[in-house]
Structure formats: structure tokens, C-alpha cells
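Enquirer: mmCIF, C-alpha atoms and all ligand atoms, saved as model_4.cif, coming up:
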data_input
#
loop_
_atom_site.group_PDB
_atom_site.id
_atom_site.type_symbol
_atom_site.label_atom_id
_atom_site.label_comp_id
_atom_site.auth_asym_id
_atom_site.auth_seq_id
_atom_site.Cartn_x
_atom_site.Cartn_y
_atom_site.Cartn_z
ATOM 1 C CA MET M 1 101.950 -19.029 32.006
ATOM 2 C CA PRO M 2 99.424 -16.483 33.266
ATOM 3 C CA ILE M 3 96.344 -18.171 34.663
ATOM 4 C CA PHE M 4 94.083 -15.494 33.308
ATOM 5 C CA PRO M 5 95.026 -14.202 29.870
ATOM 6 C CA SER M 6 94.511 -10.458 30.046
ATOM 7 C CA PRO M 7 94.057 -9.281 26.420
ATOM 8 C CA LYS M 8 90.622 -10.874 26.192
ATOM 9 C CA THR M 9 89.384 -8.939 29.182
ATOM 10 C CA LYS M 10 89.405 -5.755 27.132
ATOM 11 C CA THR M 11 86.718 -7.127 24.864
ATOM 12 C CA ASP M 12 84.448 -8.081 27.745
ATOM 13 C CA ASP M 13 80.945 -6.897 26.778
ATOM 14 C CA ASP M 14 79.957 -6.742 30.431
ATOM 15 C CA PHE M 15 82.824 -4.496 31.504
ATOM 16 C CA GLU M 16 80.900 -1.200 31.540
ATOM 17 C CA LEU M 17 77.826 -2.641 33.190
ATOM 18 C CA ILE M 18 79.882 -4.181 35.981
ATOM 19 C CA GLN M 19 81.841 -0.996 36.506
ATOM 20 C CA ALA M 20 78.591 0.930 36.842
ATOM 21 C CA ILE M 21 77.133 -1.570 39.302
ATOM 22 C CA ASN M 22 80.317 -1.552 41.353
ATOM 23 C CA ALA M 23 80.322 2.242 41.312
ATOM 24 C CA GLY M 24 77.033 2.136 43.216
ATOM 25 C CA GLN M 25 74.356 1.764 40.549
ATOM 26 C CA THR M 26 73.022 -1.452 42.025
ATOM 27 C CA ASP M 27 69.707 -0.821 40.268
ATOM 28 C CA LEU M 28 71.499 -2.012 37.118
ATOM 29 C CA PHE M 29 72.027 -5.467 38.590
ATOM 30 C CA PRO M 30 68.746 -6.769 37.093
ATOM 31 C CA GLU M 31 70.227 -5.982 33.676
ATOM 32 C CA LEU M 32 73.076 -8.398 34.434
ATOM 33 C CA VAL M 33 70.562 -11.017 35.533
ATOM 34 C CA PHE M 34 68.591 -10.443 32.355
ATOM 35 C CA ARG M 35 71.708 -10.983 30.242
ATOM 36 C CA TYR M 36 72.542 -14.312 31.796
ATOM 37 C CA GLU M 37 69.454 -15.922 33.310
ATOM 38 C CA ARG M 38 68.560 -17.912 30.183
ATOM 39 C CA LYS M 39 72.144 -19.041 29.605
ATOM 40 C CA LEU M 40 72.558 -20.129 33.206
ATOM 41 C CA TYR M 41 69.176 -21.810 33.246
ATOM 42 C CA ASN M 42 70.054 -23.942 30.235
ATOM 43 C CA PHE M 43 73.511 -24.671 31.605
ATOM 44 C CA GLY M 44 71.838 -25.732 34.858
ATOM 45 C CA MET M 45 69.406 -28.023 33.074
ATOM 46 C CA ARG M 46 72.327 -29.780 31.386
ATOM 47 C CA MET M 47 74.248 -30.086 34.618
ATOM 48 C CA CYS M 48 71.615 -30.713 37.299
ATOM 49 C CA ARG M 49 69.129 -32.377 34.939
ATOM 50 C CA ASN M 50 66.046 -31.286 36.851
ATOM 51 C CA VAL M 51 64.079 -28.063 37.245
ATOM 52 C CA GLN M 52 64.261 -27.743 41.033
ATOM 53 C CA ASP M 53 68.057 -28.075 41.271
ATOM 54 C CA THR M 54 68.466 -25.830 38.246
ATOM 55 C CA GLU M 55 66.373 -23.064 39.793
ATOM 56 C CA ASP M 56 68.254 -23.388 43.078
ATOM 57 C CA MET M 57 71.561 -23.228 41.226
ATOM 58 C CA VAL M 58 70.611 -20.161 39.178
ATOM 59 C CA GLN M 59 69.276 -18.353 42.239
ATOM 60 C CA ASP M 60 72.311 -19.174 44.408
ATOM 61 C CA THR M 61 74.637 -18.174 41.593
ATOM 62 C CA PHE M 62 73.074 -14.733 41.235
ATOM 63 C CA ILE M 63 73.063 -14.228 45.006
ATOM 64 C CA ASN M 64 76.768 -15.081 45.099
ATOM 65 C CA VAL M 65 77.478 -12.838 42.138
ATOM 66 C CA PHE M 66 75.624 -10.009 43.854
ATOM 67 C CA LYS M 67 77.641 -10.579 47.027
ATOM 68 C CA TYR M 68 81.061 -10.907 45.449
ATOM 69 C CA LEU M 69 80.849 -8.730 42.351
ATOM 70 C CA LYS M 70 82.693 -5.934 44.146
ATOM 71 C CA ASP M 71 85.700 -8.268 44.397
ATOM 72 C CA PHE M 72 85.682 -8.976 40.655
ATOM 73 C CA ARG M 73 88.986 -7.646 39.337
ATOM 74 C CA TYR M 74 88.539 -8.059 35.565
ATOM 75 C CA GLU M 75 91.369 -10.598 35.506
ATOM 76 C CA THR M 76 89.091 -12.687 33.352
ATOM 77 C CA LYS M 77 85.926 -12.151 31.363
ATOM 78 C CA PHE M 78 82.903 -11.731 33.581
ATOM 79 C CA ARG M 79 81.270 -14.670 31.790
ATOM 80 C CA ASN M 80 84.127 -16.985 32.833
ATOM 81 C CA TRP M 81 83.867 -15.832 36.417
ATOM 82 C CA LEU M 82 80.085 -16.265 36.382
ATOM 83 C CA TYR M 83 80.388 -19.824 35.122
ATOM 84 C CA ARG M 84 82.987 -20.538 37.741
ATOM 85 C CA VAL M 85 80.523 -19.459 40.428
ATOM 86 C CA ALA M 86 77.739 -21.460 38.744
ATOM 87 C CA THR M 87 79.913 -24.549 38.414
ATOM 88 C CA SER M 88 80.983 -24.578 42.027
ATOM 89 C CA THR M 89 77.386 -23.985 43.131
ATOM 90 C CA CYS M 90 76.376 -26.954 41.009
ATOM 91 C CA LEU M 91 79.109 -29.210 42.365
ATOM 92 C CA LYS M 92 78.443 -28.246 45.979
ATOM 93 C CA LYS M 93 74.810 -29.118 45.493
ATOM 94 C CA LYS M 94 75.781 -32.494 44.112
ATOM 95 C CA ARG M 95 78.062 -33.235 47.031
ATOM 96 C CA LYS M 96 75.203 -32.665 49.459
ATOM 97 C CA SER M 97 73.010 -35.204 47.749
ATOM 98 C CA LYS M 98 73.656 -38.872 48.289
ATOM 99 C CA TYR M 99 74.748 -40.086 44.886
ATOM 100 C CA ALA M 100 77.090 -43.006 44.455
ATOM 101 C CA PRO M 101 80.663 -41.962 43.690
ATOM 102 C CA GLU M 102 80.996 -41.117 40.057
ATOM 103 C CA ARG M 103 82.409 -43.471 37.516
ATOM 104 C CA GLU M 104 85.802 -42.718 35.993
ATOM 105 C CA LEU M 105 86.075 -43.093 32.244
ATOM 106 C CA SER M 106 89.293 -44.604 30.955
ATOM 107 C CA LEU M 107 90.753 -44.317 27.478
ATOM 108 C CA ASP M 108 91.091 -48.102 27.280
ATOM 109 C CA GLU M 109 87.385 -48.766 27.424
ATOM 110 C CA PHE M 110 86.876 -46.880 24.177
ATOM 111 C CA ILE M 111 89.683 -48.423 22.151
ATOM 112 C CA PRO M 112 88.161 -50.313 19.231
ATOM 113 C CA ASP M 113 88.294 -54.054 19.782
ATOM 114 C CA GLU M 114 91.162 -55.576 17.832
ATOM 115 C CA ASN M 115 89.185 -58.703 17.065
ATOM 116 C CA ALA M 116 85.989 -57.003 16.009
ATOM 117 C CA GLU M 117 85.100 -56.689 12.372
ATOM 118 C CA LEU M 118 86.783 -53.567 11.101
ATOM 119 C CA PRO M 119 84.909 -51.029 9.038
ATOM 120 C CA VAL M 120 85.706 -51.125 5.326
ATOM 121 C CA GLN M 121 84.497 -47.582 4.830
ATOM 122 C CA VAL M 122 83.582 -44.477 6.772
ATOM 123 C CA PRO M 123 79.970 -44.895 7.981
ATOM 124 C CA GLY M 124 77.429 -42.765 6.168
ATOM 125 C CA TRP M 125 76.418 -40.817 9.242
ATOM 126 C CA ALA M 126 79.923 -39.426 9.551
ATOM 127 C CA THR M 127 80.007 -38.105 5.995
ATOM 128 C CA LEU M 128 76.570 -36.561 5.520
ATOM 129 C CA PRO M 129 75.971 -32.872 6.214
ATOM 130 C CA LEU M 130 74.347 -32.095 9.560
ATOM 131 C CA ASP M 131 71.077 -30.794 8.139
ATOM 132 C CA GLN M 132 70.459 -34.171 6.503
ATOM 133 C CA LEU M 133 70.984 -35.988 9.777
ATOM 134 C CA LEU M 134 69.589 -33.861 12.553
ATOM 135 C CA ASN M 135 66.057 -34.770 13.481
ATOM 136 C CA GLU M 136 64.203 -35.028 16.779
ATOM 137 C CA GLU M 137 65.211 -38.649 17.309
ATOM 138 C CA LEU M 138 68.907 -37.967 16.816
ATOM 139 C CA LEU M 139 68.732 -34.851 18.986
ATOM 140 C CA SER M 140 67.263 -36.847 21.827
ATOM 141 C CA ILE M 141 69.954 -39.531 21.412
ATOM 142 C CA ILE M 142 72.624 -36.826 21.701
ATOM 143 C CA ARG M 143 70.953 -35.214 24.706
ATOM 144 C CA GLU M 144 70.543 -38.553 26.445
ATOM 145 C CA GLY M 145 74.168 -39.407 25.704
ATOM 146 C CA ILE M 146 75.337 -36.162 27.270
ATOM 147 C CA ALA M 147 73.050 -36.651 30.268
ATOM 148 C CA ALA M 148 74.483 -40.156 30.772
ATOM 149 C CA LEU M 149 78.047 -38.871 31.118
ATOM 150 C CA PRO M 150 79.500 -38.880 34.645
ATOM 151 C CA GLU M 151 79.273 -35.314 35.918
ATOM 152 C CA LYS M 152 82.917 -34.283 35.768
ATOM 153 C CA TYR M 153 83.092 -35.326 32.132
ATOM 154 C CA ARG M 154 79.719 -33.855 31.288
ATOM 155 C CA LEU M 155 80.738 -30.514 32.718
ATOM 156 C CA VAL M 156 83.839 -30.328 30.531
ATOM 157 C CA LEU M 157 81.982 -31.394 27.392
ATOM 158 C CA VAL M 158 79.184 -28.885 28.004
ATOM 159 C CA LEU M 159 81.620 -26.030 28.614
ATOM 160 C CA ARG M 160 83.886 -26.850 25.671
ATOM 161 C CA ASP M 161 81.607 -28.184 22.954
ATOM 162 C CA MET M 162 78.327 -26.508 23.776
ATOM 163 C CA GLU M 163 78.996 -23.284 25.663
ATOM 164 C CA GLY M 164 82.010 -22.572 23.482
ATOM 165 C CA PHE M 165 84.661 -21.981 26.151
ATOM 166 C CA SER M 166 88.281 -22.558 25.109
ATOM 167 C CA THR M 167 90.440 -25.154 26.836
ATOM 168 C CA ALA M 168 92.149 -22.427 28.884
ATOM 169 C CA GLU M 169 88.835 -20.832 29.856
ATOM 170 C CA THR M 170 87.359 -24.179 30.856
ATOM 171 C CA ALA M 171 90.417 -24.780 33.014
ATOM 172 C CA GLN M 172 89.791 -21.416 34.709
ATOM 173 C CA VAL M 173 86.103 -22.105 35.199
ATOM 174 C CA MET M 174 86.753 -25.509 36.739
ATOM 175 C CA GLY M 175 89.960 -24.658 38.567
ATOM 176 C CA LEU M 176 91.858 -27.454 36.812
ATOM 177 C CA THR M 177 94.881 -27.646 34.529
ATOM 178 C CA THR M 178 94.417 -27.490 30.756
ATOM 179 C CA GLU M 179 95.923 -30.971 30.561
ATOM 180 C CA ASN M 180 93.245 -32.281 32.863
ATOM 181 C CA ILE M 181 90.523 -30.603 30.795
ATOM 182 C CA LYS M 182 91.869 -32.168 27.597
ATOM 183 C CA VAL M 183 91.926 -35.649 29.115
ATOM 184 C CA ARG M 184 88.358 -35.375 30.361
ATOM 185 C CA LEU M 185 87.084 -33.842 27.143
ATOM 186 C CA HIS M 186 88.608 -36.575 25.014
ATOM 187 C CA ARG M 187 87.013 -39.310 27.088
ATOM 188 C CA ALA M 188 83.659 -37.535 27.176
ATOM 189 C CA ARG M 189 83.636 -37.230 23.392
ATOM 190 C CA LEU M 190 84.625 -40.885 22.984
ATOM 191 C CA PHE M 191 81.806 -41.879 25.316
ATOM 192 C CA LEU M 192 79.350 -39.932 23.203
ATOM 193 C CA ARG M 193 80.751 -41.367 19.983
ATOM 194 C CA GLU M 194 80.073 -44.868 21.334
ATOM 195 C CA LYS M 195 76.455 -43.928 22.012
ATOM 196 C CA LEU M 196 76.033 -42.611 18.491
ATOM 197 C CA LYS M 197 77.786 -45.593 16.959
ATOM 198 C CA THR M 198 75.477 -47.938 18.832
ATOM 199 C CA TYR M 199 72.473 -45.955 17.663
ATOM 200 C CA TYR M 200 73.518 -46.052 14.013
ATOM 201 C CA ASP M 201 74.825 -49.637 14.081
ATOM 202 C CA HIS M 202 71.462 -50.849 15.261
ATOM 203 C CA GLY M 203 69.605 -49.326 12.382
ATOM 204 C CA ALA M 204 68.659 -45.734 13.001
ATOM 205 C CA MET A 205 83.899 -58.505 3.854
ATOM 206 C CA THR A 206 86.503 -57.538 6.390
ATOM 207 C CA MET A 207 89.469 -55.523 5.377
ATOM 208 C CA VAL A 208 92.812 -56.854 6.462
ATOM 209 C CA HIS A 209 94.154 -54.421 8.972
ATOM 210 C CA ASP A 210 97.832 -54.666 8.289
ATOM 211 C CA HIS A 211 98.945 -51.420 9.854
ATOM 212 C CA ASN A 212 100.918 -51.121 12.981
ATOM 213 C CA ARG A 213 98.350 -51.125 15.753
ATOM 214 C CA LYS A 214 100.632 -48.959 17.838
ATOM 215 C CA ASP A 215 100.157 -46.152 15.318
ATOM 216 C CA CYS A 216 96.404 -46.674 15.424
ATOM 217 C CA LEU A 217 96.383 -46.400 19.209
ATOM 218 C CA ALA A 218 98.610 -43.336 19.178
ATOM 219 C CA MET A 219 96.252 -41.667 16.753
ATOM 220 C CA PHE A 220 93.218 -42.675 18.793
ATOM 221 C CA ALA A 221 94.673 -40.965 21.849
ATOM 222 C CA LYS A 222 95.309 -37.734 19.938
ATOM 223 C CA LEU A 223 92.033 -37.319 18.087
ATOM 224 C CA SER A 224 90.734 -34.490 20.257
ATOM 225 C CA ASP A 225 94.001 -32.602 20.150
ATOM 226 C CA TYR A 226 94.032 -33.035 16.390
ATOM 227 C CA ILE A 227 90.500 -31.768 15.899
ATOM 228 C CA ASP A 228 91.013 -28.913 18.359
ATOM 229 C CA ASN A 229 94.129 -27.853 16.472
ATOM 230 C CA GLU A 230 96.396 -28.329 19.438
ATOM 231 C CA LEU A 231 99.123 -30.384 17.745
ATOM 232 C CA ASP A 232 102.259 -29.330 15.891
ATOM 233 C CA ASP A 233 102.319 -29.579 12.082
ATOM 234 C CA LEU A 234 104.455 -32.695 12.030
ATOM 235 C CA THR A 235 102.135 -34.663 14.307
ATOM 236 C CA CYS A 236 99.142 -33.477 12.260
ATOM 237 C CA LYS A 237 100.798 -34.728 9.078
ATOM 238 C CA ASP A 238 101.472 -38.104 10.693
ATOM 239 C CA ILE A 239 97.843 -38.409 11.693
ATOM 240 C CA GLU A 240 96.596 -37.417 8.257
ATOM 241 C CA ASN A 241 98.916 -39.876 6.547
ATOM 242 C CA HIS A 242 97.857 -42.630 8.875
ATOM 243 C CA ALA A 243 94.161 -41.911 8.338
ATOM 244 C CA ARG A 244 94.641 -41.996 4.571
ATOM 245 C CA ALA A 245 96.182 -45.442 4.757
ATOM 246 C CA CYS A 246 94.091 -46.967 7.540
ATOM 247 C CA ILE A 247 90.367 -47.102 6.900
ATOM 248 C CA PRO A 248 89.348 -48.159 10.430
ATOM 249 C CA CYS A 249 91.187 -45.132 11.802
ATOM 250 C CA LYS A 250 89.712 -42.913 9.117
ATOM 251 C CA ALA A 251 86.251 -44.143 10.127
ATOM 252 C CA CYS A 252 87.072 -43.551 13.755
ATOM 253 C CA MET A 253 88.273 -40.013 13.074
ATOM 254 C CA GLU A 254 85.268 -39.070 10.968
ATOM 255 C CA THR A 255 82.694 -40.468 13.395
ATOM 256 C CA PHE A 256 84.537 -38.696 16.193
ATOM 257 C CA ARG A 257 84.534 -35.418 14.280
ATOM 258 C CA GLN A 258 80.847 -35.775 13.514
ATOM 259 C CA THR A 259 80.085 -36.455 17.185
ATOM 260 C CA ILE A 260 81.633 -33.105 18.071
ATOM 261 C CA CYS A 261 79.700 -31.398 15.251
ATOM 262 C CA PHE A 262 76.490 -32.822 16.687
ATOM 263 C CA CYS A 263 77.288 -31.366 20.108
ATOM 264 C CA ARG A 264 78.104 -27.990 18.652
ATOM 265 C CA SER A 265 74.896 -27.975 16.669
ATOM 266 C CA LEU A 266 72.729 -28.215 19.785
ATOM 267 C CA THR A 267 71.366 -24.762 20.545
ATOM 268 C CA PRO A 268 72.703 -24.134 24.001
ATOM 269 C CA ASN A 269 69.852 -21.932 25.177
ATOM 270 C CA GLU A 270 66.798 -23.609 23.767
ATOM 271 C CA ILE A 271 64.781 -23.717 26.990
ATOM 272 C CA PRO A 272 63.122 -20.433 27.995
ATOM 273 C CA VAL A 273 63.305 -19.500 31.682
ATOM 274 C CA PRO A 274 59.893 -20.213 33.244
ATOM 275 C CA THR A 275 58.098 -16.897 33.787
ATOM 276 C CA ALA A 276 57.318 -17.603 37.438
ATOM 277 C CA PHE A 277 60.977 -18.299 38.176
ATOM 278 C CA SER A 278 62.138 -15.259 36.236
ATOM 279 C CA ASN A 279 59.761 -13.059 38.243
ATOM 280 C CA HIS A 280 60.957 -14.657 41.448
ATOM 281 C CA LEU A 281 64.556 -13.856 40.497
ATOM 282 C CA LYS A 282 63.637 -10.277 39.666
ATOM 283 C CA SER A 283 62.000 -9.631 43.021
ATOM 284 C CA LEU A 284 64.831 -11.362 44.874
ATOM 285 C CA ILE A 285 67.380 -9.177 43.132
ATOM 286 C CA GLN A 286 65.341 -6.062 43.785
ATOM 287 C CA LYS A 287 65.226 -6.954 47.452
ATOM 288 C CA LEU A 288 69.006 -7.482 47.506
ATOM 289 C CA SER A 289 69.669 -4.196 45.673
ATOM 290 C CA GLY A 290 67.387 -2.352 48.089
ATOM 291 C CA GLN A 291 69.184 -3.772 51.132
ATOM 292 C CA LYS A 292 72.499 -2.741 49.706
ATOM 293 C CA ARG A 293 71.403 0.830 49.122
ATOM 294 C CA ASP A 294 70.113 1.059 52.678
ATOM 295 C CA LEU A 295 73.459 0.043 54.169
HETATM 296 ZN ZN ZN S 1 95.023 -47.138 12.105
#
Render the structure in this file as C-alpha cells.
Expert:
Amino acid sequence: MPIFPSPKTKTDDDFELIQAINAGQTDLFPELVFRYERKLYNFGMRMCRNVQDTEDMVQDTFINVFKYLKDFRYETKFRNWLYRVATSTCLKKKRKSKYAPERELSLDEFIPDENAELPVQVPGWATLPLDQLLNEELLSIIREGIAALPEKYRLVLVLRDMEGFSTAETAQVMGLTTENIKVRLHRARLFLREKLKTYYDHGA
Amino acid sequence: MTMVHDHNRKDCLAMFAKLSDYIDNELDDLTCKDIENHARACIPCKACMETFRQTICFCRSLTPNEIPVPTAFSNHLKSLIQKLSGQKRDL
């Protein structure tokens, strides 16, 4: 299986801009920054969870992109490559800080308890359309749930379910196998489902 | 009132493990059919699947780029990049 699927590269919206920059028009680099600064900033806020680390991450990412863009070989979309640089910048930053080792999530901890009272119907919150449910309170519950995920799970969930990367692209960005991405994503989503269940079970 | 859960728990657990693959369309037709049949017959699993699906919908509904880049930081980036571009041209 090719690690980087090539057909998608042809539809890369950044292709021409990068070619021009690499051909010597470095004055176009700010255009590339302009295209991605807001995306990266928001990605950073989800990953680093504070302004200072986010700004450091965004700055370091663009410096690295500026340095290594000439080595970019269009084997993948520029966006995937950019997020790969951003992700590793983020993770390196984390390693330097003195956090406790991150918790692993296991499938078992999310399996519904066999002895608990079983639902007799699908809960209302799972059947109503989104626009009837989404309000500021729910949004903050979702955001807090995502923020509470251990980093390696949060990263996969953010890339897959928020940034819209495919499983294969997320595997590229993180340098992991697709199988590994699927395992982490499933556990991250189950973790979040528990948070939402708790919220609704205790009278939202 | 608690419904009697008379289905094979092994099937429930198998389905639980495959929910993401099911929702992401990464399973073969036969496995999908099995899951759908199971969910029709097993309300707890149906509830689990629908709350799981809704959880993912919630995530996808969050606007990914809601926070604007602070102006001061954006200006800082601009001048940093200009400096870098200038150095490169001088090489
Ligand atoms: Zn079941």
C-alpha cells in the first residue's frame, strides 16, 4: 500500500503557490501563512490548550515550513504535510514540559455495565436534530470533554472528526498505522460519549 | 421498567467494538448487515449506537476555526516571515 496516495495531490489547492515560492518567489510566503494561520491557531488551541503554547507552536511550525518547504515533494497534500509539522512541534513541546505520563484508554472501561439498568429506548438527545440541541452549555460540555482526553487520543479525534482528515491522512500526519488511528479514534469517541451521557443522564 | 436483555452479550460486545468502523463506512456489507440486524433487535445496543453517532455529529458540528488569530500575534508572524524571506533573498 502506498503511504501517500498520489491522485489527491493533483487537487492540492496550494500546489501553484508552493511551486512559485520554491522557484524563488519567497515574497509569496506570507500568502501561505495567511492561508493557514487561523487554522493552525485553532488547531493549536485544541491541542496545547493555552495561548502561549499555541503561539509558540504556530510560530515554530511556520519557521519549520519556511526552512523545509524546498524539500516538499508533493507526495502528499501540502495541508497534510503542514499538519504533520504542526503535530510534531506540538508533541515535542509537550515532551519538554513535565506532565505526568498520559493515561491509556482501554475499550473495556467503556463497555456498558452488564448489571446496570438497560435503556428501554434510545435517549432523546440521540434522536433530535442538532439545531434543537446545540446551545452554549452543550458546546462547552463538548469542548471540555475533548480537552479532557489524553493527548494522543485528543489529537486523533481533532484530526479526524473536527479537521476532517481521513483515516489514511491522519495516519500520515501522525506517522502511525491506520489500524492504530482507528483504535485511538474509537476510544476517544467512546470517552466523549460517556461525558455526554453523564451530562444528559443528570438532567441537562 | 427494565427490559430483559436476552441477546447474546457476545454479539453486543462485538458490535460495541465495531461502532466506529461501522459509522465510518469501513466494514464489508455482510458485517454491516449483522450490525444493523443486531441493533434492530437489541435496544440497549441501538441506544448505544445512536448516542455514539450523535457524539460524532456534535464533534463535526463544532466550527473548527472559530477563534480569530490575535492581531498582535498575526503582525508578529508577518514581520518574522518578512525577516526570514529577506534573509533568504540575501543568501
Ligand atoms: Zn446488543
Enquirer: Can you list, as a PyMOL selection string, the residues that the PyMOL selection byres ((chain M) within 6 of (chain A)) selects here?
Expert: chain M and resi 26+38-39+42+119-120+122+126+161-162+186+193
Enquirer: Please identify all polymer residues within 12 Å of region 13-15 of chain M, counting only C-alpha atoms, omitting same-chain residues fewer than 5 positions from it, and present them as a ChimeraX atom specification.
Expert: /M:8,20-22,28-29,31-33,35-36,69,72-82
Enquirer: Enclose all atoms of region 222-225 of chain A listed in the file in an axis-aligned box, grow every side by 8 Å, and hand back centre and edge lengths in Å to one decimal, as lines of an AutoDock Vina configuration file.
Expert:
center_x = 93.0
center_y = -35.2
center_z = 19.2
size_x = 20.6
size_y = 21.1
size_z = 18.2
Enquirer: Which distance in Å separates CA of Val183 (chain M) and CA of Asp108 (chain M), to one decimal?
Expert: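 Rounded to one decimal, the two atoms are 12.6 Å apart.
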Enquirer: Taking the file as I've supplied it (selection: the PyMOL selection byres (((chain M and resi 143-152) around 9) and not hetatm)), which residues are included? Please answer as a PDB file with C-alpha atoms, in the frame of the given file.
Expert:
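Output saved as selection-v4.pdb:
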ATOM      1  CA  ARG M  46      72.327 -29.780  31.386  1.00  0.00           C
ATOM      2  CA  MET M  47      74.248 -30.086  34.618  1.00  0.00           C
ATOM      3  CA  ARG M  49      69.129 -32.377  34.939  1.00  0.00           C
ATOM      4  CA  LEU M  91      79.109 -29.210  42.365  1.00  0.00           C
ATOM      5  CA  GLU M 102      80.996 -41.117  40.057  1.00  0.00           C
ATOM      6  CA  ARG M 103      82.409 -43.471  37.516  1.00  0.00           C
ATOM      7  CA  GLU M 104      85.802 -42.718  35.993  1.00  0.00           C
ATOM      8  CA  LEU M 105      86.075 -43.093  32.244  1.00  0.00           C
ATOM      9  CA  LEU M 138      68.907 -37.967  16.816  1.00  0.00           C
ATOM     10  CA  LEU M 139      68.732 -34.851  18.986  1.00  0.00           C
ATOM     11  CA  SER M 140      67.263 -36.847  21.827  1.00  0.00           C
ATOM     12  CA  ILE M 141      69.954 -39.531  21.412  1.00  0.00           C
ATOM     13  CA  ILE M 142      72.624 -36.826  21.701  1.00  0.00           C
ATOM     14  CA  TYR M 153      83.092 -35.326  32.132  1.00  0.00           C
ATOM     15  CA  ARG M 154      79.719 -33.855  31.288  1.00  0.00           C
ATOM     16  CA  LEU M 155      80.738 -30.514  32.718  1.00  0.00           C
ATOM     17  CA  VAL M 156      83.839 -30.328  30.531  1.00  0.00           C
ATOM     18  CA  LEU M 157      81.982 -31.394  27.392  1.00  0.00           C
ATOM     19  CA  VAL M 158      79.184 -28.885  28.004  1.00  0.00           C
ATOM     20  CA  ARG M 184      88.358 -35.375  30.361  1.00  0.00           C
ATOM     21  CA  ALA M 188      83.659 -37.535  27.176  1.00  0.00           C
ATOM     22  CA  PHE M 191      81.806 -41.879  25.316  1.00  0.00           C
ATOM     23  CA  LEU M 192      79.350 -39.932  23.203  1.00  0.00           C
ATOM     24  CA  ARG M 193      80.751 -41.367  19.983  1.00  0.00           C
ATOM     25  CA  LYS M 195      76.455 -43.928  22.012  1.00  0.00           C
ATOM     26  CA  LEU M 196      76.033 -42.611  18.491  1.00  0.00           C
TER      27      LEU M 196
ATOM     28  CA  CYS A 263      77.288 -31.366  20.108  1.00  0.00           C
ATOM     29  CA  LEU A 266      72.729 -28.215  19.785  1.00  0.00           C
TER      30      LEU A 266
END
Enquirer: Looking at M:Leu118, M:Val65, M:Val58, M:Leu17, which one is nearest to ligand ZN 1 (chain S), with distances taken over only C-alpha atoms and all ligand atoms?
Expert: M:Leu118
Enquirer: Separation of CA of Thr167 (chain M) and CA of Asn229 (chain A), in Å?
Expert: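 Here the two named atoms are 11.3 Å from each other.
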Enquirer: When distances are computed from all atoms listed in the file, which of M:Leu176, M:Val51, M:Leu159, M:Ile111 shows the smallest separation from ligand ZN 1 (chain S)?
Expert: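 Between M:Leu176, M:Val51, M:Leu159, M:Ile111, the residue approaching ligand ZN 1 (chain S) most closely is M:Ile111.
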Enquirer: Check which residues satisfy the PyMOL selection byres (((chain M and resi 168) around 12) and not hetatm) in the file shown, then give them as a PyMOL selection string.
Expert: (chain M and resi 1-5+8+76+80+156+159-160+164-167+169-182) or (chain A and resi 230)
Enquirer: Between CA of Tyr41 (chain M) and CA of Glu136 (chain M), what is the distance, to one decimal in Å?
Expert: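 Distance reported for this atom pair: 21.7 Å.
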Enquirer: Select, from A:Tyr226, A:Ala243, A:Asp232, A:Asn279, the residue with the minimum atom-to-atom distance to ligand ZN 1 (chain S), counting only C-alpha atoms and all ligand atoms.
Expert: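 Looking only at the distances to ligand ZN 1 (chain S), the closest residue turns out to be A:Ala243.
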Enquirer: So, counting all atoms listed in the file, which residue among M:His202, M:Pro112, M:Ala23, M:Ser88 is closest to ligand ZN 1 (chain S)?
Expert: M:Pro112
Enquirer: Closest to ligand ZN 1 (chain S) among M:Glu114, M:Gly124, M:Leu133, M:Glu163, using all atoms listed in the file?
Expert: M:Glu114
Enquirer: For region 51-61 of chain M, which lacks atoms in the input, supply N, CA, C and O atoms and format the output as a short mmCIF file (atom, residue, chain, number, x, y, z; two decimals), in the coordinates of the input.
Expert:
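Contents of part-v6.cif, freshly written:
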data_model
loop_
_atom_site.label_atom_id
_atom_site.label_comp_id
_atom_site.auth_asym_id
_atom_site.auth_seq_id
_atom_site.Cartn_x
_atom_site.Cartn_y
_atom_site.Cartn_z
N VAL M 51 64.48 -29.47 37.12
CA VAL M 51 64.08 -28.06 37.24
C VAL M 51 64.40 -27.50 38.63
O VAL M 51 64.95 -26.41 38.75
N GLN M 52 64.08 -28.27 39.68
CA GLN M 52 64.26 -27.74 41.03
C GLN M 52 65.73 -27.40 41.32
O GLN M 52 66.04 -26.30 41.77
N ASP M 53 66.63 -28.33 41.03
CA ASP M 53 68.06 -28.08 41.27
C ASP M 53 68.58 -26.95 40.38
O ASP M 53 69.43 -26.17 40.79
N THR M 54 68.04 -26.89 39.16
CA THR M 54 68.47 -25.83 38.25
C THR M 54 68.08 -24.46 38.80
O THR M 54 68.89 -23.53 38.85
N GLU M 55 66.83 -24.36 39.25
CA GLU M 55 66.37 -23.06 39.79
C GLU M 55 67.18 -22.68 41.03
O GLU M 55 67.57 -21.52 41.20
N ASP M 56 67.43 -23.67 41.89
CA ASP M 56 68.25 -23.39 43.08
C ASP M 56 69.64 -22.90 42.67
O ASP M 56 70.18 -21.95 43.23
N MET M 57 70.21 -23.58 41.67
CA MET M 57 71.56 -23.23 41.23
C MET M 57 71.59 -21.81 40.67
O MET M 57 72.46 -21.01 41.01
N VAL M 58 70.62 -21.49 39.81
CA VAL M 58 70.61 -20.16 39.18
C VAL M 58 70.44 -19.08 40.25
O VAL M 58 71.15 -18.08 40.28
N GLN M 59 69.51 -19.33 41.17
CA GLN M 59 69.28 -18.35 42.24
C GLN M 59 70.53 -18.16 43.11
O GLN M 59 70.96 -17.04 43.35
N ASP M 60 71.12 -19.27 43.55
CA ASP M 60 72.31 -19.17 44.41
C ASP M 60 73.47 -18.50 43.68
O ASP M 60 74.26 -17.77 44.27
N THR M 61 73.56 -18.79 42.37
CA THR M 61 74.64 -18.17 41.59
C THR M 61 74.47 -16.66 41.57
O THR M 61 75.43 -15.91 41.84
#
